[in-house]
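The next block holds one structure in the form of structure tokens; read it before the comments.
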Amino acid sequence: MSDDYGYDYEDDHPYGTEYGAGDAEASGGDDGAGVSRDGGRGPEVTFAALPPAQGRGFATSWWGRAWLQALEDTALDGQQLKQGRQLARKGGVGAVSVRPGRITAMVRDRDGTAHRSDVLLQQLGAGAWDRFLDMAVDRAGHIAALLDREMPPHLVEDAAGAGVELLPGIGDLEPECTCGAWDHCPHSGALCYQVARLLDEDPFVLLLMRGRDERRLLDELQVRSAARAVRPGDGGEGRDTGDAERKVRGVPAGEAFAAAGILPPLPAPPSAPDAPGLGPSLDTETPPAPGVDPAALEVLAADSAVRAHRMLLDALAPGHEEQPLPVELTPQQDAVRLAADARPDARIGARLAAGSGRPSADLDAAVRAWRYGGVAALAVLDEEWAPDPEDLGRARARLGEAWEAGERPALRASGRARWTVAGADLQLRLDRDGRWWPYRKERGRWVPAGPADDDPAGALAGAEDGASDGTSGVGVAV
């Protein structure tokens with residue numbers, strides 16, 4: 001497989017076998033000393049390209065600085081590293097892929113030339129991981145710190161005491177780059193500086209490089225903790241360790257109840273973030289599974305982040321518990337909502353049009369309606385209802401009272417709850433709650449022209465203003 005720059009990944013960078021089949025766990029090695037650094041295919045996390053690091057250091061945590069110290073102690077040419085810092089600072093590092101034994105990114109020079117750069121780090125072997133897990137089970141505070149995205153010095157010290165070196169040292173960061181340099185070049189240096197920023201945010205990135213992703217690590221710790229909780233006298237006699245690991249989960253209720261009086265109070269909840277988080281980048285060298293569309297998944301991930309942020313802000317707002325539950329959307333309505341919120345490109349827009357049950361040409365009108373009033377506005381676009389005679393009489397009376405004498409436009413009924421302005425491409429539609437929605441005819445189609453108004457004159461005035469200044473809602477490219 002070759003990238004856009006003609007570099008053949010599989011010929012020059014053999015990944016080996018699947019995760020667990022090419023490291024010490026499969027080959028029988030006891031510790032990490034002889035484990036291959038080729039980064040066997042396994043769990044992979046890709047981080048979107050970070051913004052330029054203008055005016056800030058690359059590492060604020062002590063473990064991030066230790067990572068950079070290993071780089072700077074290893075590199076033979078300080079000028080090359082200086083150029084790497086400048087590339088990273090100016091945003092020259094693309095999405096960073098992290099997997100056991102290897103980090104990878106495309107790095108662009110100042111002239112725009114791109115190089116694939118890799119940095120290899122020794123994975124820990126099965127024996128080293130066993131010692132680390134045993135140590136961590138005995139010291140629960142270490143795991144609590146990791147879950148808080150911290151790496152306390154005593155965790156690293158205790159791991160070293162168990163014969164496990166977590167942080168890299170001199171010579172541990174081995175570079176490979178398509179520029180052909182044999183030592184750390186500006187591209188591998190830029191990659192390492194960028195990874196220092198990732199390590200600041202999440203020390204599990206380092207553990208993934210060493211061979212364990214967060215989910216697997218926590219699962220193994222849970223199994224070991226549960227196995228130790230099975231003691232003689234509590235029904236555990238005669239069980240072997242494997243049986244205990246398979247069947248026991250969590251903390252015994254008696255222990256949890258007894259510890260309630262000595263545990264410190266929970267900290268105050270963190271404040272809500274100012275903006276939704278960035279979704280992961282799925283533009284990686286790994287081909288997607290058949291039927292999986294990475295671009296569509298990125299749209300869904302970004303939409304999920306926006307909705308989660310909005311729900312969090314709503315939940316923290318005063319009086320949230322008194323608000324009615326949101327309306328559950330049908331798949332067709334949700335497709336329109338997603339098109340309105342995400343503003344996808346034409347290809348994704350066409351898929352959303354199919355999901356909404358509409359021709360592509362009709363999705364734009366539905367998107368406009370959604371932006372003006374959500375489900376209620378969509379119902380006015382799609383449905384023509386028949387008011388009962390009493391409601392219809394009140395609506396006609398309201399139309400008669402909305403204008404001063406002699407100013408009312410000529411209106412003709414165009415349906416059971418629709419009135420069109422004679423001689424103009426404007427229309428009023430009445431919804432079931434007695435609100436008026438303006439519509440305008442564009443290219444032979446009636447499309448929403450504004451939000452609802454309790455006053456039909458006000459609704460129609462908004463539509464006339466939009467028609468006079470040439471404005472119209474913009475939906476989605478389809």
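In the structure tokens, chains take letters A, B, ... by order of appearance, with residues numbered from 1 within each chain and ligands from 1 in the order shown.
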
- Task: Mind checking which residues fall within 7 Å of Pro438 of chain A, counting only C-alpha atoms, ignoring those fewer than 2 positions away in the same chain, and posting them as a ChimeraX atom specification?
- Result: /A:427-429,436,440,448-450,459-460,463

Emit the selected residues as a CSV table (one decimal), in the first residue's frame, including N, CA, C and O atoms.
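Below is the file again.csv, written as the result:
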chain,number,residue,atom,x,y,z
A,427,GLN,N,-46.8,33.2,1.3
A,427,GLN,CA,-47.9,32.4,1.9
A,427,GLN,C,-47.8,32.3,3.4
A,427,GLN,O,-46.7,32.4,3.9
A,428,LEU,N,-49.0,32.2,4.0
A,428,LEU,CA,-49.0,32.0,5.5
A,428,LEU,C,-49.6,30.6,5.7
A,428,LEU,O,-50.6,30.2,5.1
A,429,ARG,N,-49.0,29.9,6.7
A,429,ARG,CA,-49.5,28.6,7.1
A,429,ARG,C,-49.8,28.6,8.6
A,429,ARG,O,-49.0,29.1,9.4
A,436,TRP,N,-48.4,31.3,13.1
A,436,TRP,CA,-48.4,31.5,11.7
A,436,TRP,C,-46.9,31.4,11.2
A,436,TRP,O,-46.0,32.0,11.8
A,440,ARG,N,-42.3,31.2,1.2
A,440,ARG,CA,-42.0,32.0,0.0
A,440,ARG,C,-41.8,30.9,-1.2
A,440,ARG,O,-41.2,29.9,-0.9
A,448,PRO,N,-39.9,27.4,3.6
A,448,PRO,CA,-40.0,28.2,4.8
A,448,PRO,C,-39.2,29.5,4.6
A,448,PRO,O,-38.1,29.6,4.0
A,449,ALA,N,-39.8,30.7,5.1
A,449,ALA,CA,-39.2,32.0,4.9
A,449,ALA,C,-38.9,32.7,6.2
A,449,ALA,O,-38.5,33.8,6.2
A,450,GLY,N,-39.2,32.0,7.4
A,450,GLY,CA,-38.9,32.6,8.6
A,450,GLY,C,-39.5,31.8,9.8
A,450,GLY,O,-40.2,30.8,9.6
A,459,ALA,N,-45.6,37.8,10.8
A,459,ALA,CA,-45.0,36.6,10.0
A,459,ALA,C,-44.8,37.0,8.6
A,459,ALA,O,-43.8,36.8,8.0
A,460,LEU,N,-45.8,37.6,8.0
A,460,LEU,CA,-45.8,37.9,6.6
A,460,LEU,C,-44.8,39.1,6.3
A,460,LEU,O,-44.1,39.0,5.3
A,463,ALA,N,-41.3,37.6,6.0
A,463,ALA,CA,-41.1,37.0,4.7
A,463,ALA,C,-40.9,38.0,3.6
A,463,ALA,O,-40.1,37.8,2.7

- Query: Neighbours of Asp109 of chain A within 10 Å (only C-alpha atoms; same-chain residues fewer than 5 positions away dropped), as an MDAnalysis selection string?
  - Reply: chainID A and resid 83:84 86:87 92:93 114:115 186:187

- Taking the chain letters and numbering used in this document, name the residues of segment 250-313 of chain A that DSSP puts in alpha helix (DSSP H), as a ChimeraX atom specification. /A:253-258,294-313

- Pick out the residues sitting within 6 Å of segment 277-293 of chain A, and hand them over as a ChimeraX atom specification; count only C-alpha atoms, and ignore anything fewer than 2 positions along from it in its own chain. /A:47-48,295-296,301-302

- Task: List the neighbours of segment 71-81 of chain A out to 10 Å using only C-alpha atoms; skip same-chain residues closer than 5 positions along the sequence, and give me the result as a ChimeraX atom specification.
- Result: /A:65-66,86-87,168-175,183-190,192-193

Could those selected residues go to a file with C-alpha atoms, as a short mmCIF file (atom, residue, chain, number, x, y, z; two decimals), in the first residue's frame?
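The result, written out as selection16.cif:
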data_model
loop_
_atom_site.label_atom_id
_atom_site.label_comp_id
_atom_site.auth_asym_id
_atom_site.auth_seq_id
_atom_site.Cartn_x
_atom_site.Cartn_y
_atom_site.Cartn_z
CA ARG A 65 9.30 16.89 29.91
CA ALA A 66 10.89 13.50 30.63
CA GLN A 86 9.82 25.08 14.63
CA LEU A 87 7.86 22.70 12.38
CA PRO A 168 11.92 6.29 27.74
CA GLY A 169 15.62 6.91 28.29
CA ILE A 170 18.62 7.67 26.11
CA GLY A 171 18.39 5.75 22.82
CA ASP A 172 14.87 4.47 23.46
CA LEU A 173 13.19 6.70 20.84
CA GLU A 174 14.24 5.21 17.51
CA PRO A 175 13.40 7.37 14.44
CA ASP A 183 19.34 10.06 13.17
CA HIS A 184 16.50 12.18 14.51
CA CYS A 185 15.64 14.58 11.70
CA PRO A 186 13.39 17.67 11.87
CA HIS A 187 10.39 15.49 11.00
CA SER A 188 10.81 12.87 13.74
CA GLY A 189 11.74 15.66 16.15
CA ALA A 190 8.55 17.57 15.29
CA CYS A 192 8.09 13.84 19.28
CA TYR A 193 7.43 17.45 20.31
#

- One decimal, Å: what's the distance from atom CA of Pro294 of chain A over to atom CA of Val375 of chain A, could you say? 28.8 Å

- Smallest atom-to-atom distance to Gly462 of chain A: which of A:Tyr439, A:Met151, A:Val156, A:Gly434, using only C-alpha atoms? A:Tyr439

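Here atom CA of Ala424 of chain A and atom CA of Arg443 of chain A stand 13.7 Å from one another.
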
- Task: Do a neighbour search on Val98 of chain A at 8 Å with only C-alpha atoms, toss out local chain neighbours closer than 2 positions, and write the hits as a VMD selection string.
- Result: chain A and resid 44 to 46 96 100 102 to 104 205 208 to 209

Write the residues of the selection above to a file with C-alpha atoms, as an mmCIF file, in the first residue's frame.
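For reference, again-v1.cif as written:
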data_model
loop_
_atom_site.group_PDB
_atom_site.id
_atom_site.type_symbol
_atom_site.label_atom_id
_atom_site.label_comp_id
_atom_site.auth_asym_id
_atom_site.auth_seq_id
_atom_site.Cartn_x
_atom_site.Cartn_y
_atom_site.Cartn_z
ATOM 1 C CA GLU A 44 -4.547 2.167 17.427
ATOM 2 C CA VAL A 45 -5.612 5.663 18.447
ATOM 3 C CA THR A 46 -5.383 8.567 16.007
ATOM 4 C CA VAL A 96 -0.749 11.386 14.996
ATOM 5 C CA PRO A 100 2.029 -0.385 20.520
ATOM 6 C CA ARG A 102 5.171 3.074 17.232
ATOM 7 C CA ILE A 103 3.916 6.607 16.649
ATOM 8 C CA THR A 104 3.355 7.889 13.126
ATOM 9 C CA VAL A 205 -0.773 7.435 25.419
ATOM 10 C CA LEU A 208 -0.362 2.380 24.672
ATOM 11 C CA MET A 209 3.072 2.859 23.122
#
